[in-house]
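This is final22.json (JSON, C-alpha atoms).
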[["chain", "number", "residue", "atom", "x", "y", "z"],
["Y", 15, "MET", "CA", -14.80, 9.17, -19.27],
["Y", 16, "THR", "CA", -14.56, 5.50, -20.18],
["Y", 17, "VAL", "CA", -14.38, 2.69, -17.64],
["Y", 18, "ALA", "CA", -10.96, 0.99, -17.71],
["Y", 19, "THR", "CA", -11.11, -2.70, -18.53],
["Y", 20, "THR", "CA", -7.40, -3.41, -18.04],
["Y", 21, "PRO", "CA", -4.88, -1.90, -15.61],
["Y", 22, "PRO", "CA", -1.82, 0.10, -16.66],
["Y", 23, "PRO", "CA", 1.09, -2.04, -17.87],
["Y", 24, "ALA", "CA", 3.82, -2.97, -15.41],
["Y", 25, "GLU", "CA", 6.78, -0.61, -15.48],
["Y", 26, "TRP", "CA", 8.98, -3.40, -16.84],
["Y", 27, "ALA", "CA", 6.76, -3.68, -19.94],
["Y", 28, "ARG", "CA", 8.32, -2.02, -22.96],
["Y", 29, "HIS", "CA", 8.17, 1.79, -23.24],
["Y", 30, "SER", "CA", 8.12, 3.99, -26.30],
["Y", 31, "GLY", "CA", 9.46, 6.87, -24.27],
["Y", 32, "VAL", "CA", 9.61, 8.62, -20.92],
["Y", 33, "TRP", "CA", 8.91, 12.14, -19.74],
["Y", 34, "ILE", "CA", 11.53, 13.43, -17.30],
["Y", 35, "GLY", "CA", 11.21, 16.75, -15.48],
["Y", 36, "PHE", "CA", 14.14, 19.14, -15.95],
["Y", 37, "PRO", "CA", 14.88, 21.51, -13.03],
["Y", 38, "SER", "CA", 13.90, 24.94, -14.25],
["Y", 39, "HIS", "CA", 13.26, 27.39, -11.41],
["Y", 40, "ASP", "CA", 16.13, 29.19, -9.65],
["Y", 41, "GLU", "CA", 13.87, 30.18, -6.76],
["Y", 42, "LEU", "CA", 13.02, 26.54, -5.98],
["Y", 43, "TRP", "CA", 16.42, 24.91, -6.44],
["Y", 44, "ARG", "CA", 18.80, 27.76, -5.55],
["Y", 45, "LEU", "CA", 22.37, 26.43, -5.23],
["Y", 46, "ASP", "CA", 21.19, 22.93, -6.10],
["Y", 47, "LEU", "CA", 19.88, 23.92, -9.54],
["Y", 48, "GLU", "CA", 22.97, 23.08, -11.61],
["Y", 49, "PRO", "CA", 23.90, 19.94, -9.61],
["Y", 50, "ALA", "CA", 20.29, 18.71, -9.87],
["Y", 51, "ARG", "CA", 20.34, 19.30, -13.62],
["Y", 52, "GLU", "CA", 23.51, 17.25, -13.91],
["Y", 53, "GLU", "CA", 21.93, 14.38, -11.93],
["Y", 54, "VAL", "CA", 18.77, 14.51, -14.04],
["Y", 55, "VAL", "CA", 20.76, 14.39, -17.28],
["Y", 56, "ALA", "CA", 22.88, 11.49, -16.00],
["Y", 57, "PHE", "CA", 19.64, 9.63, -15.23],
["Y", 58, "ALA", "CA", 18.22, 10.47, -18.65],
["Y", 59, "ARG", "CA", 21.42, 9.31, -20.36],
["Y", 60, "ALA", "CA", 21.28, 5.96, -18.57],
["Y", 61, "VAL", "CA", 17.63, 5.48, -19.57],
["Y", 62, "HIS", "CA", 18.37, 6.42, -23.18],
["Y", 63, "ALA", "CA", 21.32, 3.96, -23.18],
["Y", 64, "GLN", "CA", 22.79, 5.32, -26.44],
["Y", 65, "GLY", "CA", 19.54, 4.66, -28.26],
["Y", 66, "LYS", "CA", 19.18, 1.10, -26.95],
["Y", 67, "GLY", "CA", 16.76, 2.13, -24.22],
["Y", 68, "GLU", "CA", 13.87, 4.48, -24.85],
["Y", 69, "LYS", "CA", 13.20, 7.95, -26.18],
["Y", 70, "VAL", "CA", 13.78, 10.56, -23.48],
["Y", 71, "ILE", "CA", 11.59, 13.65, -23.43],
["Y", 72, "LEU", "CA", 12.96, 16.29, -21.08],
["Y", 73, "VAL", "CA", 10.24, 18.66, -19.92],
["Y", 74, "ALA", "CA", 11.44, 22.21, -19.24],
["Y", 75, "ALA", "CA", 9.30, 24.98, -17.78],
["Y", 76, "ASP", "CA", 10.63, 27.82, -19.94],
["Y", 77, "ILE", "CA", 12.84, 28.59, -22.93],
["Y", 78, "GLY", "CA", 15.93, 29.28, -20.82],
["Y", 79, "ALA", "CA", 15.72, 25.90, -19.11],
["Y", 80, "ALA", "CA", 14.97, 24.23, -22.44],
["Y", 81, "ASN", "CA", 18.11, 25.72, -23.99],
["Y", 82, "ALA", "CA", 20.14, 24.46, -21.05],
["Y", 83, "ALA", "CA", 18.61, 21.00, -21.45],
["Y", 84, "ARG", "CA", 19.40, 20.88, -25.17],
["Y", 85, "ARG", "CA", 22.97, 21.94, -24.50],
["Y", 86, "ILE", "CA", 23.78, 19.31, -21.88],
["Y", 87, "ALA", "CA", 21.49, 16.53, -23.16],
["Y", 88, "PRO", "CA", 21.73, 16.53, -26.98],
["Y", 89, "PHE", "CA", 20.46, 12.93, -27.07],
["Y", 90, "ALA", "CA", 17.04, 13.92, -25.68],
["Y", 91, "ASP", "CA", 13.93, 15.53, -27.08],
["Y", 92, "VAL", "CA", 13.07, 18.71, -25.18],
["Y", 93, "VAL", "CA", 9.60, 20.21, -24.80],
["Y", 94, "VAL", "CA", 8.57, 23.41, -23.06],
["Y", 95, "GLU", "CA", 5.51, 23.20, -20.84],
["Y", 96, "ASP", "CA", 4.94, 25.49, -17.87],
["Y", 97, "PHE", "CA", 5.05, 23.61, -14.55],
["Y", 98, "GLY", "CA", 5.69, 24.24, -10.89],
["Y", 99, "ASP", "CA", 8.33, 21.54, -10.38],
["Y", 100, "ILE", "CA", 9.76, 18.37, -11.88],
["Y", 101, "TRP", "CA", 7.77, 15.62, -10.12],
["Y", 102, "LEU", "CA", 6.06, 14.26, -13.22],
["Y", 103, "ARG", "CA", 5.33, 10.88, -11.63],
["Y", 104, "ASP", "CA", 2.69, 12.74, -9.63],
["Y", 105, "THR", "CA", 1.61, 15.51, -12.00],
["Y", 106, "GLY", "CA", 1.87, 13.74, -15.36],
["Y", 107, "PRO", "CA", -0.79, 11.48, -16.87],
["Y", 108, "ILE", "CA", -0.99, 7.87, -15.74],
["Y", 109, "MET", "CA", -0.79, 5.92, -18.98],
["Y", 110, "ARG", "CA", -3.04, 2.94, -19.67],
["Y", 111, "THR", "CA", -1.88, 2.35, -23.26],
["Y", 112, "HIS", "CA", 0.39, 3.98, -25.84],
["Y", 113, "THR", "CA", -2.37, 6.41, -26.82],
["Y", 114, "HIS", "CA", -4.59, 6.66, -23.76],
["Y", 115, "GLY", "CA", -4.07, 7.91, -20.22],
["Y", 116, "CYS", "CA", -5.79, 9.31, -17.14],
["Y", 117, "ASP", "CA", -5.41, 12.88, -15.92],
["Y", 118, "PHE", "CA", -6.16, 13.17, -12.21],
["Y", 119, "ASP", "CA", -6.59, 16.20, -9.99],
["Y", 120, "PHE", "CA", -3.43, 17.39, -8.24],
["Y", 121, "ASN", "CA", -3.41, 19.59, -5.13],
["Y", 122, "GLY", "CA", 0.27, 19.92, -4.26],
["Y", 123, "TRP", "CA", 0.42, 16.83, -2.02],
["Y", 124, "GLY", "CA", -2.32, 18.04, 0.25],
["Y", 125, "TRP", "CA", -1.80, 21.77, -0.41],
["Y", 126, "LYS", "CA", 1.82, 21.72, 0.79],
["Y", 127, "TYR", "CA", 3.31, 22.97, -2.48],
["Y", 128, "ASP", "CA", 0.65, 24.59, -4.64],
["Y", 129, "LEU", "CA", 2.66, 25.72, -7.67],
["Y", 130, "PRO", "CA", 1.24, 27.19, -10.91],
["Y", 131, "GLY", "CA", 1.06, 24.74, -13.78],
["Y", 132, "ASP", "CA", 1.31, 21.52, -11.80],
["Y", 133, "ASP", "CA", -2.45, 20.93, -11.87],
["Y", 134, "THR", "CA", -2.61, 21.08, -15.69],
["Y", 135, "ILE", "CA", 0.73, 19.69, -16.86],
["Y", 136, "GLY", "CA", -0.63, 16.15, -17.19],
["Y", 137, "ASP", "CA", -3.20, 16.96, -19.85],
["Y", 138, "ARG", "CA", -0.81, 19.28, -21.68],
["Y", 139, "LEU", "CA", 1.96, 16.68, -21.82],
["Y", 140, "ALA", "CA", -0.46, 14.11, -23.18],
["Y", 141, "LYS", "CA", -1.73, 16.44, -25.88],
["Y", 142, "SER", "CA", 1.84, 17.30, -26.90],
["Y", 143, "GLN", "CA", 2.30, 13.60, -27.78],
["Y", 144, "GLY", "CA", -1.13, 13.14, -29.36],
["Y", 145, "ILE", "CA", -2.32, 11.10, -26.37],
["Y", 146, "LYS", "CA", -5.98, 11.11, -25.32],
["Y", 147, "THR", "CA", -6.68, 11.48, -21.60],
["Y", 148, "ASP", "CA", -9.77, 10.82, -19.54],
["Y", 149, "TYR", "CA", -10.30, 13.39, -16.80],
["Y", 150, "CYS", "CA", -10.63, 11.64, -13.44],
["Y", 151, "ASN", "CA", -12.02, 14.15, -10.96],
["Y", 152, "TRP", "CA", -10.28, 13.11, -7.76],
["Y", 153, "VAL", "CA", -6.78, 13.57, -6.37],
["Y", 154, "LEU", "CA", -4.32, 10.80, -7.16],
["Y", 155, "GLU", "CA", -0.55, 11.00, -7.60],
["Y", 156, "GLY", "CA", 1.30, 8.38, -9.63],
["Y", 157, "GLY", "CA", 3.83, 7.77, -6.87],
["Y", 158, "ALA", "CA", 1.02, 6.75, -4.51],
["Y", 159, "ILE", "CA", 0.37, 3.49, -6.36],
["Y", 160, "ASP", "CA", 2.44, 0.66, -7.81],
["Y", 161, "GLY", "CA", 1.07, -2.14, -9.97],
["Y", 162, "ALA", "CA", 2.27, -5.25, -11.76],
["Y", 163, "GLY", "CA", 0.08, -5.01, -14.84],
["Y", 164, "THR", "CA", -2.06, -7.89, -13.56],
["Y", 165, "GLY", "CA", -4.79, -5.98, -11.75],
["Y", 166, "ILE", "CA", -3.23, -5.85, -8.29],
["Y", 167, "VAL", "CA", -1.99, -2.54, -6.92],
["Y", 168, "ILE", "CA", -0.26, -1.54, -3.69],
["Y", 169, "THR", "CA", -0.66, 1.77, -1.91],
["Y", 170, "THR", "CA", -0.47, 3.27, 1.59],
["Y", 171, "LYS", "CA", -3.24, 4.33, 3.90],
["Y", 172, "GLN", "CA", -1.14, 7.29, 5.02],
["Y", 173, "CYS", "CA", -1.40, 8.81, 1.56],
["Y", 174, "LEU", "CA", -4.53, 7.63, -0.20],
["Y", 175, "LEU", "CA", -6.75, 7.84, 2.89],
["Y", 176, "ASN", "CA", -5.29, 11.17, 3.99],
["Y", 177, "ARG", "CA", -8.01, 13.77, 4.49],
["Y", 178, "ASN", "CA", -5.85, 16.38, 2.73],
["Y", 179, "ARG", "CA", -6.42, 14.61, -0.61],
["Y", 180, "ASN", "CA", -10.06, 13.55, -1.04],
["Y", 181, "PRO", "CA", -11.86, 14.51, 2.18],
["Y", 182, "ASP", "CA", -15.30, 13.47, 0.91],
["Y", 183, "MET", "CA", -14.18, 9.99, -0.15],
["Y", 184, "HIS", "CA", -13.99, 6.91, 2.05],
["Y", 185, "ARG", "CA", -11.79, 3.87, 1.55],
["Y", 186, "SER", "CA", -14.55, 2.08, -0.36],
["Y", 187, "ASP", "CA", -14.96, 5.08, -2.67],
["Y", 188, "ILE", "CA", -11.25, 5.19, -3.44],
["Y", 189, "GLU", "CA", -11.15, 1.47, -4.11],
["Y", 190, "ALA", "CA", -14.09, 1.83, -6.47],
["Y", 191, "ARG", "CA", -12.41, 4.67, -8.38],
["Y", 192, "LEU", "CA", -9.11, 2.78, -8.66],
["Y", 193, "LYS", "CA", -11.03, -0.08, -10.23],
["Y", 194, "GLU", "CA", -13.20, 2.10, -12.47],
["Y", 195, "ASP", "CA", -10.59, 4.60, -13.66],
["Y", 196, "LEU", "CA", -7.47, 2.43, -13.83],
["Y", 197, "GLY", "CA", -8.80, -1.09, -14.15],
["Y", 198, "PHE", "CA", -7.34, -2.45, -10.92],
["Y", 199, "THR", "CA", -9.08, -5.50, -9.51],
["Y", 200, "ARG", "CA", -7.39, -5.82, -6.11],
["Y", 201, "ILE", "CA", -5.99, -3.15, -3.78],
["Y", 202, "VAL", "CA", -3.41, -4.08, -1.14],
["Y", 203, "TRP", "CA", -3.19, -1.45, 1.60],
["Y", 204, "LEU", "CA", 0.06, -0.81, 3.44],
["Y", 205, "GLY", "CA", 0.28, 1.52, 6.43],
["Y", 206, "ASP", "CA", 2.71, 4.43, 6.63],
["Y", 207, "GLY", "CA", 5.45, 5.51, 4.27],
["Y", 208, "LEU", "CA", 8.91, 6.86, 5.04],
["Y", 209, "LEU", "CA", 9.63, 9.37, 7.78],
["Y", 210, "HIS", "CA", 9.65, 13.02, 6.63],
["Y", 211, "ASP", "CA", 8.25, 12.18, 3.19],
["Y", 212, "HIS", "CA", 6.25, 15.27, 2.22],
["Y", 213, "THR", "CA", 4.08, 13.14, -0.07],
["Y", 214, "ASP", "CA", 2.49, 11.57, 3.03],
["Y", 215, "GLY", "CA", 3.98, 8.16, 2.39],
["Y", 216, "HIS", "CA", 4.15, 7.44, -1.33],
["Y", 217, "VAL", "CA", 4.50, 3.73, -1.94],
["Y", 218, "ASP", "CA", 7.21, 4.15, -4.61],
["Y", 219, "ASN", "CA", 9.64, 5.02, -1.81],
["Y", 220, "LEU", "CA", 8.63, 1.94, 0.20],
["Y", 221, "ALA", "CA", 7.55, -1.07, -1.87],
["Y", 222, "ARG", "CA", 7.81, -1.86, -5.58],
["Y", 223, "PHE", "CA", 6.64, -4.69, -7.77],
["Y", 224, "VAL", "CA", 9.63, -6.33, -9.45],
["Y", 225, "ALA", "CA", 7.69, -9.20, -11.08],
["Y", 226, "PRO", "CA", 4.07, -10.40, -11.06],
["Y", 227, "GLY", "CA", 3.24, -11.31, -7.47],
["Y", 228, "ARG", "CA", 6.67, -10.25, -6.19],
["Y", 229, "VAL", "CA", 7.35, -7.04, -4.26],
["Y", 230, "ALA", "CA", 10.64, -5.58, -3.04],
["Y", 231, "VAL", "CA", 10.82, -3.75, 0.29],
["Y", 232, "PRO", "CA", 13.83, -2.43, 2.23],
["Y", 233, "GLU", "CA", 15.49, -4.33, 5.03],
["Y", 234, "ALA", "CA", 16.38, -2.04, 7.91],
["Y", 235, "THR", "CA", 19.96, -1.28, 8.81],
["Y", 236, "GLU", "CA", 21.21, -0.45, 12.30],
["Y", 237, "ASN", "CA", 19.70, 2.79, 13.61],
["Y", 238, "ASP", "CA", 17.36, 2.97, 10.61],
["Y", 239, "PRO", "CA", 14.60, 5.56, 11.22],
["Y", 240, "ASN", "CA", 12.16, 3.54, 9.10],
["Y", 241, "TRP", "CA", 12.76, 0.08, 10.54],
["Y", 242, "LEU", "CA", 9.22, -0.33, 11.86],
["Y", 243, "VAL", "CA", 7.68, 0.95, 8.61],
["Y", 244, "TYR", "CA", 9.63, -1.70, 6.69],
["Y", 245, "GLN", "CA", 8.58, -4.48, 9.06],
["Y", 246, "HIS", "CA", 4.91, -3.54, 8.83],
["Y", 247, "ALA", "CA", 5.06, -3.35, 5.02],
["Y", 248, "LYS", "CA", 6.66, -6.79, 4.79],
["Y", 249, "HIS", "CA", 4.00, -8.25, 7.10],
["Y", 250, "ASP", "CA", 1.10, -6.68, 5.18],
["Y", 251, "LEU", "CA", 2.44, -7.85, 1.81],
["Y", 252, "GLU", "CA", 2.96, -11.40, 3.02],
["Y", 253, "GLU", "CA", -0.51, -11.40, 4.57],
["Y", 254, "ALA", "CA", -1.81, -10.46, 1.13],
["Y", 255, "GLY", "CA", -0.13, -13.56, -0.31],
["Y", 256, "LEU", "CA", 2.64, -11.72, -2.15],
["Y", 257, "ASP", "CA", 6.24, -12.89, -2.42],
["Y", 258, "VAL", "CA", 8.49, -10.38, -0.63],
["Y", 259, "VAL", "CA", 12.14, -9.86, -1.49],
["Y", 260, "LEU", "CA", 14.26, -7.72, 0.82],
["Y", 261, "LEU", "CA", 16.62, -5.08, -0.54],
["Y", 262, "PRO", "CA", 19.22, -3.05, 1.33],
["Y", 263, "SER", "CA", 18.22, 0.26, 2.87],
["Y", 264, "PRO", "CA", 20.41, 3.38, 2.85],
["Y", 265, "GLY", "CA", 19.54, 3.72, 6.53],
["Y", 266, "ARG", "CA", 19.73, 7.06, 8.28],
["Y", 267, "VAL", "CA", 20.60, 9.69, 5.68],
["Y", 268, "LEU", "CA", 21.00, 13.25, 6.92],
["Y", 269, "ARG", "CA", 21.01, 16.55, 5.05],
["Y", 270, "ASP", "CA", 21.66, 19.66, 7.14],
["Y", 271, "GLU", "CA", 21.29, 17.45, 10.23],
["Y", 272, "GLU", "CA", 17.75, 16.45, 9.19],
["Y", 273, "ILE", "CA", 16.63, 12.92, 8.33],
["Y", 274, "VAL", "CA", 15.57, 12.78, 4.67],
["Y", 275, "PRO", "CA", 13.42, 10.11, 2.92],
["Y", 276, "ALA", "CA", 16.28, 8.52, 0.98],
["Y", 277, "SER", "CA", 15.29, 5.21, -0.58],
["Y", 278, "TYR", "CA", 16.72, 2.81, -3.14],
["Y", 279, "MET", "CA", 13.10, 1.86, -3.89],
["Y", 280, "ASN", "CA", 12.79, 4.99, -6.03],
["Y", 281, "PHE", "CA", 14.45, 3.22, -8.96],
["Y", 282, "TYR", "CA", 13.17, 3.54, -12.53],
["Y", 283, "ILE", "CA", 12.70, 0.43, -14.68],
["Y", 284, "GLY", "CA", 13.58, 1.33, -18.27],
["Y", 285, "ASN", "CA", 13.81, -0.77, -21.41],
["Y", 286, "ALA", "CA", 17.57, -1.25, -21.11],
["Y", 287, "ALA", "CA", 18.44, -0.11, -17.59],
["Y", 288, "VAL", "CA", 17.14, 0.00, -14.05],
["Y", 289, "VAL", "CA", 18.44, 3.25, -12.61],
["Y", 290, "VAL", "CA", 18.95, 3.26, -8.85],
["Y", 291, "PRO", "CA", 19.37, 6.45, -6.77],
["Y", 292, "LEU", "CA", 22.44, 6.51, -4.54],
["Y", 293, "TYR", "CA", 23.22, 8.72, -1.57],
["Y", 294, "GLY", "CA", 26.79, 7.96, -0.52],
["Y", 295, "ALA", "CA", 25.51, 5.40, 2.00],
["Y", 296, "ALA", "CA", 27.28, 2.22, 3.00],
["Y", 297, "ASN", "CA", 24.74, 0.04, 1.16],
["Y", 298, "ASP", "CA", 24.88, 1.84, -2.20],
["Y", 299, "ASP", "CA", 26.83, -0.88, -4.01],
["Y", 300, "ALA", "CA", 24.86, -3.67, -2.34],
["Y", 301, "ALA", "CA", 21.58, -2.11, -3.44],
["Y", 302, "VAL", "CA", 22.66, -1.91, -7.09],
["Y", 303, "ALA", "CA", 23.84, -5.54, -6.97],
["Y", 304, "ALA", "CA", 20.57, -6.70, -5.41],
["Y", 305, "ILE", "CA", 18.47, -4.88, -7.99],
["Y", 306, "GLN", "CA", 20.66, -6.23, -10.80],
["Y", 307, "ALA", "CA", 19.87, -9.75, -9.60],
["Y", 308, "LEU", "CA", 16.14, -8.99, -9.90],
["Y", 309, "PHE", "CA", 16.45, -7.70, -13.47],
["Y", 310, "PRO", "CA", 19.03, -9.93, -15.20],
["Y", 311, "ASN", "CA", 17.97, -8.78, -18.68],
["Y", 312, "ARG", "CA", 18.61, -5.12, -17.89],
["Y", 313, "THR", "CA", 21.64, -3.26, -16.60],
["Y", 314, "ALA", "CA", 21.32, -1.87, -13.09],
["Y", 315, "VAL", "CA", 22.94, 1.56, -12.96],
["Y", 316, "GLY", "CA", 23.55, 3.37, -9.70],
["Y", 317, "LEU", "CA", 23.70, 7.17, -9.85],
["Y", 318, "ARG", "CA", 23.94, 9.81, -7.17],
["Y", 319, "ALA", "CA", 20.71, 11.69, -6.51],
["Y", 320, "ASP", "CA", 21.72, 13.96, -3.61],
["Y", 321, "SER", "CA", 20.71, 17.24, -5.24],
["Y", 322, "ILE", "CA", 17.42, 15.91, -6.61],
["Y", 323, "LEU", "CA", 16.61, 14.67, -3.12],
["Y", 324, "THR", "CA", 16.84, 18.23, -1.79],
["Y", 325, "GLY", "CA", 13.58, 18.77, -3.67],
["Y", 326, "GLY", "CA", 12.00, 15.78, -1.95],
["Y", 327, "GLY", "CA", 12.28, 12.87, -4.39],
["Y", 328, "SER", "CA", 14.43, 10.93, -6.81],
["Y", 329, "PHE", "CA", 14.51, 9.26, -10.23],
["Y", 330, "HIS", "CA", 11.12, 7.55, -10.14],
["Y", 331, "CYS", "CA", 9.48, 10.73, -8.88],
["Y", 332, "ILE", "CA", 10.68, 12.84, -11.81],
["Y", 333, "SER", "CA", 9.71, 10.39, -14.57],
["Y", 334, "GLN", "CA", 6.57, 9.03, -16.20],
["Y", 335, "GLN", "CA", 6.82, 6.32, -18.85],
["Y", 336, "ILE", "CA", 4.80, 5.97, -22.05],
["Y", 337, "PRO", "CA", 3.98, 2.36, -22.91],
["Y", 338, "ALA", "CA", 5.09, 1.05, -26.29],
["Y", 339, "ARG", "CA", 2.52, 0.54, -29.00],
["Y", 340, "GLY", "CA", 0.51, -2.63, -28.40],
["Y", 341, "VAL", "CA", 1.58, -2.93, -24.75],
["Y", 342, "LYS", "CA", -1.20, -3.08, -22.19],
["Y", 343, "GLY", "CA", -1.89, -4.52, -18.77],
["Y", 344, "GLY", "CA", -4.18, -7.35, -17.88]]

What is this file in C-alpha cells?
Amino acid sequence: MTVATTPPPAEWARHSGVWIGFPSHDELWRLDLEPAREEVVAFARAVHAQGKGEKVILVAADIGAANAARRIAPFADVVVEDFGDIWLRDTGPIMRTHTHGCDFDFNGWGWKYDLPGDDTIGDRLAKSQGIKTDYCNWVLEGGAIDGAGTGIVITTKQCLLNRNRNPDMHRSDIEARLKEDLGFTRIVWLGDGLLHDHTDGHVDNLARFVAPGRVAVPEATENDPNWLVYQHAKHDLEEAGLDVVLLPSPGRVLRDEEIVPASYMNFYIGNAAVVVPLYGAANDDAAVAAIQALFPNRTAVGLRADSILTGGGSFHCISQQIPARGVKGG
C-alpha cells in the first residue's frame, strides 16, 4: 500500500466514466425489479446525456441481467461481475486518480446484509478497467464520506464510529487512516444521519459538498422526521467554518406506512448533468431548481427513484465515478 499524498477529486471534477449497479436479483427486488431497472436506466441515460456526459458502465450480476441491460440501455457499456446488490458507492473502489483507487473492506453495513460478492466487487471492477487498487484493511463505505477535492472531508459519527464497522479502531485511528489511505487533511464530524437509514447514517443522504468550502444540507419541512438531524448538521458545519446552503427536504415520505430515508441529497454530479432523486413529494420541483442554481454549468435533472429506494438508497448510492485522465484532488 502507498500513502496517499492527495485526496480523491471532487465529484464535480471531470469523469471518464461511471459504474452504475443494475438490479439483477429477483429474490432481492421482487415486484420492484423491473421498475427499479427502468429508474436505473433513466438515471444512466441522463448521466450519459447522449454522449455529452460520461461513459456509463452498467454492472450486472449475471448474463440474464446483462442481456436485459443491453436491451434497454443500448447507449451503455455492460459488464458482468457477480455481486450481492447494486450499491456500488459502498462496495466499489474509491478512486484517487484515473488509474488508481482504494479497495476497502465491506461487511454489509455492519453485518445487516452480508451478500456474496459484495466484499470483492471493488477490486474486480477496478481490474476490469485496468485500474490498480491499494487494499485498505478496514471497513469504509464510499457513501460514508464526502469531500471537495481539497483535503477536507465530512462524515458522521453514527456511521464511522459505529462499533459494527471497525470495533478495534478509535476515532483517532480512523482519522489517521482517512489521512493515510485517502489523503484527507481535515475531518469534519457530524452526528447522526437520517432516520431508518440502514447504513447507520451515511453522509451522502445528509450533507454534500457543492463547491470548495460550501456544503448543502436539507432544510426541514413541517412534520419532518429528520428536522433535528438537519439542524445539528448545519450547526456542526458552520462551527467548522464551512459555508452552508439550505436545500428543500422531501419531508416525511412513507412506504407501506413506514418512514423511509428519502433525500434529495443523494444526487449524482456528472459531467453534463446533476441527477436528483424525486419521490412525489411537494418539494420535488423546488429541490431540482435549487440544485440547478448551485450548478449553472450543468443541467439539473429530476427523476423518480421510488423503486430504487425500496432497496434502501438512490442514485448516488448505486454509482461510483472514475476520474478523467489527469484529474486529481489537492

Residue with smallest distance to Phe89 in chain Y - pool Y:Gly163, Y:Pro181, Y:Gly67, Y:Gly136, counting all atoms listed in the file:
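Using all atoms listed in the file, Phe89 in chain Y sits closest to Y:Gly67.
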
Write out as a list in words the residues lying within 12 Å of Asp40 in chain Y, counting all atoms listed in the file and excluding same-chain residues fewer than 6 positions away.
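So the residues in contact are Asp46, Leu47, Glu48, Ala50, Arg51, Ala75, Asp76, Gly78, Ala79, Gly98 and Asp99 of chain Y.
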
Report as a VMD selection string all protein, DNA and RNA residues lying within 8 Å of Gly325 in chain Y, evaluated on all atoms listed in the file, omitting residues in the same chain fewer than 3 positions from it.
chain Y and resid 43 321 to 322

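CA of Ile71 in chain Y to CA of Ala286 in chain Y spans 16.2 Å [interatomic distance, one decimal].
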
For Glu194 in chain Y, which residue out of Y:Leu260, Y:Val73, Y:Cys116, Y:Ile145 is the nearest one, using only C-alpha atoms?
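Among Y:Leu260, Y:Val73, Y:Cys116, Y:Ile145, it is Y:Cys116 that comes nearest to Glu194 in chain Y.
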
Could you build a table of the residues in range 183-261 of chain Y lying no more than 7 Å from range 167-172 of chain Y, giving for each the nearest pair of atoms and their separation in Å rounded to one decimal place, using all atoms listed in the file, ordered by chain and ascending residue number, as a Markdown table?
| residue | atom | partner | partner_atom | distance |
| --- | --- | --- | --- | --- |
| Y:Phe198 | CA | Y:Val167 | CA | 6.7 |
| Y:Arg200 | CA | Y:Val167 | CA | 6.4 |
| Y:Ile201 | CA | Y:Val167 | CA | 5.1 |
| Y:Val202 | CA | Y:Ile168 | CA | 4.8 |
| Y:Trp203 | CA | Y:Thr169 | CA | 5.4 |
| Y:Leu204 | CA | Y:Thr170 | CA | 4.5 |
| Y:Gly205 | CA | Y:Lys171 | CA | 5.2 |
| Y:Asp206 | CA | Y:Gln172 | CA | 5.1 |
| Y:Gly207 | CA | Y:Gln172 | CA | 6.9 |
| Y:Asp214 | CA | Y:Gln172 | CA | 6.0 |
| Y:Gly215 | CA | Y:Gln172 | CA | 5.8 |
| Y:His216 | CA | Y:Thr170 | CA | 6.9 |
| Y:Val217 | CA | Y:Thr169 | CA | 5.5 |

Write to file, as an mmCIF file, in the frame of the given file, the residues of the selection just made, with C-alpha atoms.
data_model
loop_
_atom_site.group_PDB
_atom_site.id
_atom_site.type_symbol
_atom_site.label_atom_id
_atom_site.label_comp_id
_atom_site.auth_asym_id
_atom_site.auth_seq_id
_atom_site.Cartn_x
_atom_site.Cartn_y
_atom_site.Cartn_z
ATOM 1 C CA PHE Y 198 -7.340 -2.450 -10.920
ATOM 2 C CA ARG Y 200 -7.390 -5.820 -6.110
ATOM 3 C CA ILE Y 201 -5.990 -3.150 -3.780
ATOM 4 C CA VAL Y 202 -3.410 -4.080 -1.140
ATOM 5 C CA TRP Y 203 -3.190 -1.450 1.600
ATOM 6 C CA LEU Y 204 0.060 -0.810 3.440
ATOM 7 C CA GLY Y 205 0.280 1.520 6.430
ATOM 8 C CA ASP Y 206 2.710 4.430 6.630
ATOM 9 C CA GLY Y 207 5.450 5.510 4.270
ATOM 10 C CA ASP Y 214 2.490 11.570 3.030
ATOM 11 C CA GLY Y 215 3.980 8.160 2.390
ATOM 12 C CA HIS Y 216 4.150 7.440 -1.330
ATOM 13 C CA VAL Y 217 4.500 3.730 -1.940
#

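Neighbouring residues of Leu192 in chain Y at 10 Å or closer, counting only C-alpha atoms and skipping chain neighbours under 4 positions away, are Ala18, Pro21, Leu154, Ile159, Val167, Ser186, Asp187, Ile188, Leu196, Gly197, Phe198, Thr199, Arg200 and Ile201 of chain Y.
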
If we count all atoms listed in the file and set the cut-off at 10 Å, which residues sit around Arg269 in chain Y, ignoring sequence neighbours fewer than 3 positions away in its own chain? Please answer as an MDAnalysis selection string.
chainID Y and resid 272:274 320 323:324
